[in-house]
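To be precise, the following lines are coords25.cif, and they hold mmCIF, C-alpha atoms.
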data_input
loop_
_atom_site.group_PDB
_atom_site.id
_atom_site.type_symbol
_atom_site.label_atom_id
_atom_site.label_comp_id
_atom_site.auth_asym_id
_atom_site.auth_seq_id
_atom_site.Cartn_x
_atom_site.Cartn_y
_atom_site.Cartn_z
ATOM 1 C CA MET A 87 190.465 126.110 -60.798
ATOM 2 C CA ASP A 88 189.610 126.942 -57.244
ATOM 3 C CA LEU A 89 192.223 128.751 -55.202
ATOM 4 C CA LEU A 90 191.309 126.693 -52.149
ATOM 5 C CA THR A 91 190.073 123.117 -52.236
ATOM 6 C CA THR A 92 188.675 121.388 -49.183
ATOM 7 C CA SER A 93 187.652 117.900 -48.234
ATOM 8 C CA VAL A 94 186.169 116.392 -45.101
ATOM 9 C CA ALA A 95 186.471 112.843 -43.798
ATOM 10 C CA THR A 96 185.908 111.055 -40.547
ATOM 11 C CA GLY A 97 188.275 108.485 -39.143
ATOM 12 C CA ASP A 98 189.042 106.347 -36.157
ATOM 13 C CA SER A 99 192.396 105.909 -34.489
ATOM 14 C CA ASP A 100 193.898 104.834 -31.160
ATOM 15 C CA GLY A 101 192.956 108.294 -29.955
ATOM 16 C CA GLY A 102 189.292 107.753 -30.852
ATOM 17 C CA PRO A 103 187.060 109.030 -33.659
ATOM 18 C CA TYR A 104 187.999 112.293 -35.360
ATOM 19 C CA THR A 105 186.968 114.608 -38.145
ATOM 20 C CA LEU A 106 189.620 115.513 -40.694
ATOM 21 C CA VAL A 107 189.393 118.663 -42.802
ATOM 22 C CA VAL A 108 191.999 118.869 -45.551
ATOM 23 C CA LEU A 109 192.844 122.286 -47.001
ATOM 24 C CA ALA A 110 194.855 122.589 -50.212
ATOM 25 C CA GLY A 111 195.924 125.636 -52.188
ATOM 26 C CA GLU A 112 195.735 129.199 -50.888
ATOM 27 C CA ALA A 113 193.470 130.381 -48.043
ATOM 28 C CA ASP A 114 192.926 134.136 -48.010
ATOM 29 C CA VAL A 115 190.317 136.861 -47.571
ATOM 30 C CA THR A 116 188.633 135.900 -50.873
ATOM 31 C CA ASN A 117 187.676 132.425 -49.630
ATOM 32 C CA SER A 118 187.631 132.819 -45.831
ATOM 33 C CA GLY A 119 183.817 133.071 -45.897
ATOM 34 C CA ALA A 120 183.534 129.641 -47.525
ATOM 35 C CA LEU A 121 186.120 128.228 -45.118
ATOM 36 C CA ARG A 122 184.142 129.625 -42.212
ATOM 37 C CA GLU A 123 180.937 127.950 -43.422
ATOM 38 C CA LEU A 124 182.731 124.634 -43.824
ATOM 39 C CA LEU A 125 184.314 124.741 -40.357
ATOM 40 C CA ASP A 126 181.109 125.988 -38.712
ATOM 41 C CA ALA A 127 179.235 123.019 -40.182
ATOM 42 C CA GLU A 128 181.799 120.492 -38.943
ATOM 43 C CA VAL A 129 182.164 122.104 -35.506
ATOM 44 C CA ALA A 130 178.367 122.049 -35.127
ATOM 45 C CA LYS A 131 178.491 118.245 -35.287
ATOM 46 C CA GLU A 132 180.433 118.434 -32.007
ATOM 47 C CA PRO A 133 183.302 116.084 -32.849
ATOM 48 C CA ARG A 134 185.625 115.269 -29.988
ATOM 49 C CA THR A 135 188.624 115.927 -32.214
ATOM 50 C CA LEU A 136 188.788 118.085 -35.332
ATOM 51 C CA VAL A 137 192.057 117.979 -37.255
ATOM 52 C CA ILE A 138 192.827 120.466 -40.017
ATOM 53 C CA ASP A 139 195.455 119.116 -42.414
ATOM 54 C CA LEU A 140 197.529 122.061 -43.687
ATOM 55 C CA SER A 141 200.231 120.069 -45.459
ATOM 56 C CA GLU A 142 198.933 120.974 -48.927
ATOM 57 C CA LEU A 143 198.245 124.604 -48.058
ATOM 58 C CA ARG A 144 200.693 126.899 -49.848
ATOM 59 C CA PHE A 145 199.475 130.161 -48.302
ATOM 60 C CA MET A 146 197.320 131.336 -45.419
ATOM 61 C CA ASP A 147 196.519 134.929 -44.487
ATOM 62 C CA SER A 148 195.180 136.441 -41.267
ATOM 63 C CA SER A 149 191.551 136.215 -42.484
ATOM 64 C CA ALA A 150 191.843 132.432 -42.728
ATOM 65 C CA LEU A 151 193.664 132.336 -39.391
ATOM 66 C CA HIS A 152 190.789 134.190 -37.715
ATOM 67 C CA VAL A 153 188.328 131.647 -39.076
ATOM 68 C CA VAL A 154 190.430 128.811 -37.629
ATOM 69 C CA LEU A 155 190.766 130.570 -34.260
ATOM 70 C CA ARG A 156 187.020 131.111 -34.175
ATOM 71 C CA ALA A 157 186.408 127.400 -34.767
ATOM 72 C CA ASN A 158 188.957 126.661 -32.036
ATOM 73 C CA ARG A 159 187.039 128.764 -29.509
ATOM 74 C CA THR A 160 183.796 126.954 -30.282
ATOM 75 C CA MET A 161 185.501 123.555 -30.049
ATOM 76 C CA ASP A 162 186.895 124.617 -26.662
ATOM 77 C CA ARG A 163 183.441 125.551 -25.403
ATOM 78 C CA GLN A 164 182.106 122.203 -26.582
ATOM 79 C CA GLY A 165 184.855 120.355 -24.755
ATOM 80 C CA GLY A 166 186.508 119.195 -27.976
ATOM 81 C CA VAL A 167 189.967 119.736 -29.402
ATOM 82 C CA LEU A 168 190.939 121.405 -32.651
ATOM 83 C CA ALA A 169 194.417 120.524 -33.889
ATOM 84 C CA LEU A 170 196.457 121.609 -36.896
ATOM 85 C CA ALA A 171 198.586 119.110 -38.789
ATOM 86 C CA GLY A 172 201.521 119.376 -41.154
ATOM 87 C CA PRO A 173 201.872 123.132 -41.770
ATOM 88 C CA ARG A 174 204.829 124.051 -43.985
ATOM 89 C CA ASP A 175 206.409 127.449 -44.491
ATOM 90 C CA PRO A 176 205.167 130.058 -45.106
ATOM 91 C CA VAL A 177 202.036 128.839 -43.269
ATOM 92 C CA ALA A 178 204.060 127.470 -40.334
ATOM 93 C CA LYS A 179 205.971 130.730 -40.015
ATOM 94 C CA MET A 180 202.754 132.736 -40.017
ATOM 95 C CA LEU A 181 201.367 130.543 -37.189
ATOM 96 C CA ARG A 182 204.550 131.251 -35.196
ATOM 97 C CA LEU A 183 204.559 135.013 -35.803
ATOM 98 C CA THR A 184 200.956 135.382 -34.673
ATOM 99 C CA ALA A 185 201.547 133.010 -31.710
ATOM 100 C CA ALA A 186 198.573 130.980 -32.927
ATOM 101 C CA ASP A 187 200.793 127.919 -32.420
ATOM 102 C CA GLN A 188 200.649 128.673 -28.681
ATOM 103 C CA LEU A 189 196.879 128.717 -28.723
ATOM 104 C CA LEU A 190 196.110 125.390 -30.322
ATOM 105 C CA PRO A 191 198.110 122.191 -30.838
ATOM 106 C CA VAL A 192 200.160 121.932 -34.024
ATOM 107 C CA TYR A 193 201.389 118.477 -35.077
ATOM 108 C CA ALA A 194 203.838 117.449 -37.773
ATOM 109 C CA SER A 195 201.305 115.104 -39.377
ATOM 110 C CA VAL A 196 197.698 113.913 -39.239
ATOM 111 C CA ALA A 197 198.921 110.592 -37.825
ATOM 112 C CA GLU A 198 200.500 112.384 -34.877
ATOM 113 C CA ALA A 199 197.481 114.633 -34.375
ATOM 114 C CA THR A 200 195.112 111.679 -34.100
ATOM 115 C CA ALA A 201 197.377 109.381 -32.071
ATOM 116 C CA GLU A 202 196.478 110.672 -28.613
ATOM 117 C CA MET B 77 189.787 144.723 -28.698
ATOM 118 C CA GLU B 78 193.073 146.617 -28.652
ATOM 119 C CA SER B 79 192.810 149.955 -26.905
ATOM 120 C CA GLU B 80 192.487 152.876 -29.306
ATOM 121 C CA HIS B 81 193.442 155.251 -26.512
ATOM 122 C CA ALA B 82 197.131 154.477 -26.114
ATOM 123 C CA ALA B 83 199.120 157.691 -26.313
ATOM 124 C CA PRO B 84 200.349 157.953 -29.919
ATOM 125 C CA SER B 85 204.102 158.216 -29.859
ATOM 126 C CA ARG B 86 204.472 158.618 -33.595
ATOM 127 C CA VAL B 87 203.478 161.107 -36.228
ATOM 128 C CA PRO B 88 200.023 160.312 -37.650
ATOM 129 C CA PRO B 89 200.110 158.876 -41.211
ATOM 130 C CA ARG B 90 198.553 162.029 -42.658
ATOM 131 C CA HIS B 91 201.247 164.341 -41.295
ATOM 132 C CA ARG B 92 204.290 162.413 -42.423
ATOM 133 C CA PRO B 93 206.501 163.785 -45.233
ATOM 134 C CA SER B 94 205.522 162.638 -48.723
ATOM 135 C CA LEU B 95 207.285 159.623 -50.206
ATOM 136 C CA PRO B 96 209.811 159.944 -53.051
ATOM 137 C CA PRO B 97 208.636 158.568 -56.422
ATOM 138 C CA PRO B 98 209.526 154.959 -57.313
ATOM 139 C CA SER B 99 213.019 154.617 -58.708
ATOM 140 C CA GLY B 100 214.087 152.450 -61.616
ATOM 141 C CA ASP B 101 211.759 150.275 -63.652
ATOM 142 C CA ALA B 102 208.510 149.699 -61.803
ATOM 143 C CA THR B 103 205.900 147.003 -62.447
ATOM 144 C CA SER B 104 202.256 147.679 -61.577
ATOM 145 C CA LEU B 105 199.168 145.533 -61.127
ATOM 146 C CA SER B 106 195.633 146.673 -60.368
ATOM 147 C CA TYR B 107 193.623 144.225 -58.237
ATOM 148 C CA ARG B 108 190.123 143.952 -56.899
ATOM 149 C CA THR B 109 189.249 140.289 -56.500
ATOM 150 C CA ASP B 110 192.260 138.105 -57.265
ATOM 151 C CA LEU B 111 194.977 138.253 -54.628
ATOM 152 C CA SER B 112 196.589 135.103 -56.011
ATOM 153 C CA LYS B 113 197.880 137.148 -58.963
ATOM 154 C CA VAL B 114 199.175 139.792 -56.557
ATOM 155 C CA ARG B 115 201.093 137.151 -54.598
ATOM 156 C CA ALA B 116 202.472 135.508 -57.745
ATOM 157 C CA LEU B 117 203.809 138.817 -59.055
ATOM 158 C CA VAL B 118 205.459 139.712 -55.740
ATOM 159 C CA LEU B 119 207.106 136.279 -55.516
ATOM 160 C CA GLN B 120 208.375 136.417 -59.085
ATOM 161 C CA GLN B 121 209.705 139.975 -58.806
ATOM 162 C CA GLY B 122 211.183 139.413 -55.349
ATOM 163 C CA LEU B 123 213.109 136.333 -56.439
ATOM 164 C CA ALA B 124 214.223 138.025 -59.669
ATOM 165 C CA ALA B 125 215.574 140.961 -57.662
ATOM 166 C CA GLY B 126 217.718 138.644 -55.547
ATOM 167 C CA LEU B 127 215.702 137.970 -52.391
ATOM 168 C CA ALA B 128 216.197 134.581 -50.770
ATOM 169 C CA GLU B 129 213.093 132.396 -50.952
ATOM 170 C CA GLU B 130 212.107 132.920 -47.305
ATOM 171 C CA ARG B 131 212.411 136.701 -47.636
ATOM 172 C CA ALA B 132 210.454 136.654 -50.883
ATOM 173 C CA THR B 133 207.623 134.673 -49.266
ATOM 174 C CA ASP B 134 207.707 137.060 -46.284
ATOM 175 C CA LEU B 135 207.139 139.911 -48.732
ATOM 176 C CA VAL B 136 204.333 137.935 -50.373
ATOM 177 C CA LEU B 137 202.594 137.589 -46.995
ATOM 178 C CA ALA B 138 203.015 141.299 -46.211
ATOM 179 C CA VAL B 139 201.684 142.510 -49.554
ATOM 180 C CA SER B 140 198.799 140.020 -49.453
ATOM 181 C CA GLU B 141 197.745 141.233 -45.999
ATOM 182 C CA VAL B 142 197.758 144.874 -47.122
ATOM 183 C CA ALA B 143 195.905 144.025 -50.354
ATOM 184 C CA ALA B 144 193.350 142.023 -48.331
ATOM 185 C CA ASN B 145 192.558 145.239 -46.461
ATOM 186 C CA THR B 146 191.711 146.868 -49.808
ATOM 187 C CA LEU B 147 189.112 144.147 -50.410
ATOM 188 C CA ARG B 148 187.775 144.379 -46.856
ATOM 189 C CA HIS B 149 187.619 148.139 -46.415
ATOM 190 C CA THR B 150 187.138 149.745 -49.849
ATOM 191 C CA GLN B 151 184.810 149.469 -52.824
ATOM 192 C CA SER B 152 187.430 150.141 -55.479
ATOM 193 C CA ALA B 153 190.566 148.556 -56.893
ATOM 194 C CA GLY B 154 193.961 148.765 -55.278
ATOM 195 C CA LEU B 155 197.236 149.298 -57.116
ATOM 196 C CA LEU B 156 200.418 147.330 -56.456
ATOM 197 C CA THR B 157 203.697 148.786 -57.705
ATOM 198 C CA ILE B 158 207.028 146.942 -57.364
ATOM 199 C CA TRP B 159 210.516 148.136 -58.066
ATOM 200 C CA SER B 160 214.032 147.363 -56.967
ATOM 201 C CA ALA B 161 216.802 149.888 -56.475
ATOM 202 C CA ALA B 162 219.610 150.739 -54.070
ATOM 203 C CA GLY B 163 219.901 147.260 -52.647
ATOM 204 C CA GLU B 164 216.244 146.691 -51.879
ATOM 205 C CA VAL B 165 212.923 145.573 -53.277
ATOM 206 C CA VAL B 166 209.984 147.864 -52.600
ATOM 207 C CA CYS B 167 206.299 146.957 -52.877
ATOM 208 C CA GLU B 168 203.831 149.830 -52.736
ATOM 209 C CA VAL B 169 200.104 149.318 -52.267
ATOM 210 C CA GLN B 170 197.715 152.221 -52.837
ATOM 211 C CA ASP B 171 193.996 152.203 -52.211
ATOM 212 C CA GLU B 172 191.132 154.421 -51.084
ATOM 213 C CA GLY B 173 191.104 153.127 -47.523
ATOM 214 C CA VAL B 174 191.905 155.451 -44.634
ATOM 215 C CA ILE B 175 194.091 154.530 -41.658
ATOM 216 C CA THR B 176 193.541 156.869 -38.713
ATOM 217 C CA ASP B 177 195.405 154.991 -35.983
ATOM 218 C CA PRO B 178 199.059 156.135 -36.135
ATOM 219 C CA GLU B 179 200.163 152.918 -34.464
ATOM 220 C CA ALA B 180 198.053 150.499 -36.486
ATOM 221 C CA GLY B 181 199.888 147.192 -36.703
ATOM 222 C CA GLN B 182 202.618 148.189 -34.265
ATOM 223 C CA ARG B 183 201.014 146.719 -31.149
ATOM 224 C CA LYS B 184 200.999 142.965 -30.886
ATOM 225 C CA PRO B 185 197.414 141.694 -30.940
ATOM 226 C CA GLY B 186 196.496 138.911 -28.558
ATOM 227 C CA PRO B 187 196.809 135.563 -30.325
ATOM 228 C CA ASP B 188 193.044 135.066 -30.068
ATOM 229 C CA ALA B 189 192.171 138.608 -31.220
ATOM 230 C CA ASP B 190 189.552 138.797 -33.954
ATOM 231 C CA GLY B 191 191.539 141.284 -35.993
ATOM 232 C CA GLY B 192 194.770 143.215 -36.115
ATOM 233 C CA HIS B 193 197.052 140.358 -37.130
ATOM 234 C CA GLY B 194 197.348 141.562 -40.732
ATOM 235 C CA LEU B 195 199.321 144.782 -40.318
ATOM 236 C CA TRP B 196 201.164 143.274 -37.351
ATOM 237 C CA LEU B 197 202.523 140.584 -39.688
ATOM 238 C CA VAL B 198 203.532 143.251 -42.208
ATOM 239 C CA TYR B 199 205.685 145.007 -39.604
ATOM 240 C CA GLN B 200 207.150 141.691 -38.407
ATOM 241 C CA VAL B 201 208.410 140.438 -41.763
ATOM 242 C CA CYS B 202 209.464 143.625 -43.596
ATOM 243 C CA ASP B 203 212.717 145.538 -43.121
ATOM 244 C CA LEU B 204 210.909 148.870 -43.346
ATOM 245 C CA VAL B 205 207.248 149.857 -43.592
ATOM 246 C CA GLU B 206 206.134 153.363 -44.583
ATOM 247 C CA VAL B 207 202.491 154.381 -44.198
ATOM 248 C CA ARG B 208 200.869 157.513 -45.572
ATOM 249 C CA SER B 209 197.135 158.019 -45.219
ATOM 250 C CA ASP B 210 194.694 160.878 -45.550
ATOM 251 C CA GLU B 211 191.059 161.273 -46.555
ATOM 252 C CA THR B 212 191.919 160.495 -50.199
ATOM 253 C CA GLY B 213 193.467 157.109 -49.454
ATOM 254 C CA THR B 214 196.404 155.131 -48.145
ATOM 255 C CA THR B 215 199.845 154.287 -49.479
ATOM 256 C CA ILE B 216 201.890 151.570 -47.791
ATOM 257 C CA ARG B 217 205.469 150.855 -48.882
ATOM 258 C CA MET B 218 207.111 147.624 -47.810
ATOM 259 C CA HIS B 219 210.904 147.413 -48.157
ATOM 260 C CA MET B 220 213.089 144.297 -48.208
ATOM 261 C CA ALA B 221 216.882 144.545 -48.327
ATOM 262 C CA ILE B 222 218.593 142.464 -51.021
ATOM 263 C CA PRO B 223 221.601 140.601 -49.621
ATOM 264 C CA PRO B 224 224.864 141.695 -51.227
ATOM 265 C CA SER B 225 225.887 139.254 -53.933
ATOM 266 C CA LEU B 226 228.735 136.987 -52.850
ATOM 267 C CA VAL B 227 229.876 136.861 -56.467
ATOM 268 C CA ARG B 228 230.221 140.610 -56.637
ATOM 269 C CA ILE B 229 232.095 140.778 -53.330
ATOM 270 C CA GLY B 230 234.497 138.127 -54.613
ATOM 271 C CA ALA B 231 235.030 139.962 -57.891
ATOM 272 C CA SER B 232 235.842 143.284 -56.261
ATOM 273 C CA ALA B 233 238.288 141.841 -53.746
#
Whole structure given in structure tokens:
Amino acid sequence: MDLLTTSVATGDSDGGPYTLVVLAGEADVTNSGALRELLDAEVAKEPRTLVIDLSELRFMDSSALHVVLRANRTMDRQGGVLALAGPRDPVAKMLRLTAADQLLPVYASVAEATAE
Amino acid sequence: MESEHAAPSRVPPRHRPSLPPPSGDATSLSYRTDLSKVRALVLQQGLAAGLAEERATDLVLAVSEVAANTLRHTQSAGLLTIWSAAGEVVCEVQDEGVITDPEAGQRKPGPDADGGHGLWLVYQVCDLVEVRSDETGTTIRMHMAIPPSLVRIGASA
């Protein structure tokens, strides 16, 4: 069984089209390379909005955070927005402690993230 | 990049006094690839020792960050040792990595920094962090205080 499972979908909401990446399980240094490849590929498609659903993520370490922050910088340069949705503790706490939650928008749910 | 030139205000890891041996019954786990097992053991032992869930998951994050450095910076296995004694749980991680910066992890990295969040998190969530490092390797001890049992306080009153 994989430690981290991922899925990608595209959707359309009142806020316009978006790409949704769902992460489930545990994201750490052992799978941050694969996560980076996945996010790089989606960011390269230049979506206007990229939402990462963290609601099923039980653990995230700083390696995974750096991959997300890197994707956020590229999205910024492309004029898009990367948003996080549904983080629960301990992931939510880790985002607070690193102040990553000040750097990119964090929503309670995917619905909220895609509403605007 | 964080400046490496800030005046060190603390004793370098290699010149600190040696750590006392683990006390009580200790549990050990060698790791090289699977940090999920490391985290599971820390959670189980932390909860069994009496940590509240949030404190136990804080300890899990700290140990996982230190163990991730073993995978990133060394070619060999790391060793996790856990014990509880004197009102605290202690997790010790030993590996062949070398830490030369006496203040590693004690300066807050910028939120968008490409590194440095790992040890910073360790210092944020643990009650006490002890670092010893020389050319043979690094030992990091992470301490979490166990809250006094309300039952025991009631019984002794």
Pick out the chain B residues within 7 Å of chain A. Count only C-alpha atoms. Give them as a VMD selection string. chain B and resid 133 141 144 187 to 188 190 193 to 194
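Taking only C-alpha atoms into account, Ser99 of chain A lies nearest to A:Val196 out of the set A:Met161, A:Val167, A:Ala127, A:Val196.
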Given the PyMOL selection byres ((chain B and resi 176) around 9), the residues it picks as number ranges by chain:
B: 88-90, 174-175, 177-180, 209-210
Fill in: Interatomic distance (Å, one decimal) between atom CA of Thr150 of chain B and atom CA of Ser99 of chain B
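For atom CA of Thr150 of chain B relative to atom CA of Ser99 of chain B, the distance reads 27.8 Å.
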Can you tell me which residues surround Gln200 of chain B at a distance of at most 12 Å, considering only C-alpha atoms, apart from same-chain residues fewer than 2 positions away, and format the answer as an mmCIF file with C-alpha atoms, keeping the file's coordinate frame?
data_model
loop_
_atom_site.group_PDB
_atom_site.id
_atom_site.type_symbol
_atom_site.label_atom_id
_atom_site.label_comp_id
_atom_site.auth_asym_id
_atom_site.auth_seq_id
_atom_site.Cartn_x
_atom_site.Cartn_y
_atom_site.Cartn_z
ATOM 1 C CA LYS A 179 205.971 130.730 -40.015
ATOM 2 C CA MET A 180 202.754 132.736 -40.017
ATOM 3 C CA ARG A 182 204.550 131.251 -35.196
ATOM 4 C CA LEU A 183 204.559 135.013 -35.803
ATOM 5 C CA THR A 184 200.956 135.382 -34.673
ATOM 6 C CA ARG B 131 212.411 136.701 -47.636
ATOM 7 C CA ASP B 134 207.707 137.060 -46.284
ATOM 8 C CA LEU B 135 207.139 139.911 -48.732
ATOM 9 C CA LEU B 137 202.594 137.589 -46.995
ATOM 10 C CA ALA B 138 203.015 141.299 -46.211
ATOM 11 C CA GLY B 181 199.888 147.192 -36.703
ATOM 12 C CA GLN B 182 202.618 148.189 -34.265
ATOM 13 C CA ARG B 183 201.014 146.719 -31.149
ATOM 14 C CA LYS B 184 200.999 142.965 -30.886
ATOM 15 C CA HIS B 193 197.052 140.358 -37.130
ATOM 16 C CA GLY B 194 197.348 141.562 -40.732
ATOM 17 C CA LEU B 195 199.321 144.782 -40.318
ATOM 18 C CA TRP B 196 201.164 143.274 -37.351
ATOM 19 C CA LEU B 197 202.523 140.584 -39.688
ATOM 20 C CA VAL B 198 203.532 143.251 -42.208
ATOM 21 C CA CYS B 202 209.464 143.625 -43.596
ATOM 22 C CA ASP B 203 212.717 145.538 -43.121
ATOM 23 C CA LEU B 204 210.909 148.870 -43.346
ATOM 24 C CA VAL B 205 207.248 149.857 -43.592
ATOM 25 C CA MET B 218 207.111 147.624 -47.810
ATOM 26 C CA HIS B 219 210.904 147.413 -48.157
ATOM 27 C CA MET B 220 213.089 144.297 -48.208
#
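Taken over the shown file, the PyMOL selection byres ((chain A and resi 94) around 6) identifies A:Ser93, A:Ala95, A:Leu106, A:Val107.
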Residues just named, written with C-alpha atoms as a compact mmCIF listing (two decimals), keeping the file's coordinate frame:
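Heads up, here's the output in selection.txt:
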# COMPACT_ATOMS: atom_id res chain seq x y z
CA SER A 93 187.65 117.90 -48.23
CA ALA A 95 186.47 112.84 -43.80
CA LEU A 106 189.62 115.51 -40.69
CA VAL A 107 189.39 118.66 -42.80
(Q) Give me, as a list of chain:residue names, all polymer residues having an atom no more than 12 Å from Leu147 of chain B, counting only C-alpha atoms and skipping those fewer than 6 positions away in the same chain. (A) A:Asp114, A:Val115, A:Thr116, A:Asn117, A:Ser149, B:Tyr107, B:Arg108, B:Thr109, B:Asp110, B:Leu111, B:Ser140, B:Glu141, B:Ala153, B:Gly154, B:Leu155, B:Asp171, B:Glu172, B:Gly173
Pairwise distance, atom CA of Leu143 of chain A with atom CA of Ala128 of chain B, equals 20.7 Å
